[in-house]
Amino acid sequence: MIDTLPPLDTPLDAASHRYLYPYVVQRAWVDVHDPQGQVSEPFSDDVFVTLVLDGPAGLRRLQGEDLGAAGLTFEVAFAQAASNLSRAWTARHFEFGIARLDDGTPVGGCRGNWMAPAGGLVLGNLYQSMVEHFEVTDFAAVAVNRTLLLAFPTDAKTLSSLALRQLVEGAASGAILPIARTWLRLDGEWPSAYRGVPAF
């Protein structure tokens, strides 16, 4: 099942720029809603970021013609959306953190609402806190569902954690709209496809 956000129903104007946000979606969403890639960028073959407008009627997806009519490029609109996302994090609309699973395995994550997966992938806060906590610079991340991104080091002990595997499986098949179980690489640059074979 893919997210069926309705298209923008009013022109994108200067007053609405502060309501633009990045939004993490699966490849099937892009294939249906943005096959030309005008308002989305890939993290991997299966996970993309797109742009949405958060308005009084809820989230609306942007289309290439919306940006064109407003005289915006994707890059300019995305920069504004990322800035808005940063302000939303400061206002505590979603959170980053390190948690210890039932089996004692520490993992990082971003949760709270639909902004959380983009927050964990687009903003550097989660990555920086994980570098400080784990003292390594490469991590795997999974945008499990609409409200949860998990990130973890790829050492053998972490990857053998049954609790981590169960958390990913449960969150990907629960009531909240799933995104993908595809692993991404977090290394301080733009998130990319995980290098290696995912353990689960």
# chains A, B, ... in the order shown; residues from 1 in each chain; ligands from 1
>>> select_by_dssp(residues="region 1-124 of chain A", states="strand (DSSP E)", output="PyMOL selection string")
chain A and resi 20-26+40-42+47-55+58-61+95-100+106-111
>>> residues_around(residues="Asn125 (chain A)", least_positions_apart="3", cutoff="12 Å", atoms="only C-alpha atoms", output="JSON, numbers by chain")
{"A": [85, 86, 89, 90, 95, 96, 97, 98, 108, 109, 110, 116, 118, 119, 120, 121, 122, 128, 129, 130, 131, 132, 186, 188]}
>>> closest_atom_pairs(of="region 97-144 of chain A", to="region 167-184 of chain A", cutoff="7 Å", atoms="only C-alpha atoms", output="CSV")
residue,atom,partner,partner_atom,distance
A:Ala140,CA,A:Leu184,CA,5.5
A:Ala141,CA,A:Leu184,CA,5.0
A:Val142,CA,A:Trp183,CA,5.1
A:Ala143,CA,A:Ala180,CA,6.1
A:Val144,CA,A:Ala172,CA,5.3
>>> select_by_dssp(residues="region 12-112 of chain A", states="alpha helix (DSSP H)", output="ChimeraX atom specification")
/A:27-33,64-70,74-90
>>> residues_around(residues="Tyr19 (chain A)", least_positions_apart="2", cutoff="9 Å", atoms="only C-alpha atoms", output="ChimeraX atom specification")
/A:15-17,21,52-55,81,84
>>> write_last_selection(atoms="N, CA, C and O atoms", output="CSV table (one decimal), in the first residue's frame")
chain,number,residue,atom,x,y,z
A,15,ALA,N,3.8,33.0,0.7
A,15,ALA,CA,3.2,32.7,2.1
A,15,ALA,C,3.2,31.3,2.5
A,15,ALA,O,3.3,30.9,3.6
A,16,SER,N,3.2,30.4,1.5
A,16,SER,CA,3.1,29.0,1.8
A,16,SER,C,4.5,28.3,1.9
A,16,SER,O,4.6,27.2,2.3
A,17,HIS,N,5.5,29.0,1.6
A,17,HIS,CA,6.9,28.4,1.6
A,17,HIS,C,7.2,27.9,3.0
A,17,HIS,O,8.0,26.9,3.1
A,21,TYR,N,7.8,20.9,3.4
A,21,TYR,CA,8.6,19.9,4.1
A,21,TYR,C,9.1,18.8,3.2
A,21,TYR,O,8.4,18.4,2.3
A,52,VAL,N,6.3,18.1,0.3
A,52,VAL,CA,4.9,18.2,0.6
A,52,VAL,C,4.6,19.6,1.2
A,52,VAL,O,5.5,20.3,1.7
A,53,LEU,N,3.3,20.0,1.2
A,53,LEU,CA,2.9,21.2,1.8
A,53,LEU,C,2.0,20.8,3.0
A,53,LEU,O,1.0,20.0,2.8
A,54,ASP,N,2.2,21.3,4.2
A,54,ASP,CA,1.4,21.0,5.3
A,54,ASP,C,0.4,22.1,5.5
A,54,ASP,O,0.8,23.2,6.0
A,55,GLY,N,-0.8,21.9,5.1
A,55,GLY,CA,-1.8,23.0,5.1
A,55,GLY,C,-3.0,22.6,6.0
A,55,GLY,O,-3.0,21.6,6.7
A,81,ALA,N,12.4,23.7,2.5
A,81,ALA,CA,11.7,22.6,3.3
A,81,ALA,C,12.6,22.0,4.4
A,81,ALA,O,12.1,21.8,5.5
A,84,ASN,N,12.6,24.4,7.2
A,84,ASN,CA,11.3,24.3,8.0
A,84,ASN,C,11.3,23.0,8.9
A,84,ASN,O,10.8,23.1,10.0
>>> atom_distance(atom1="CA of Leu126 (chain A)", atom2="CA of Glu75 (chain A)")
22.5 Å
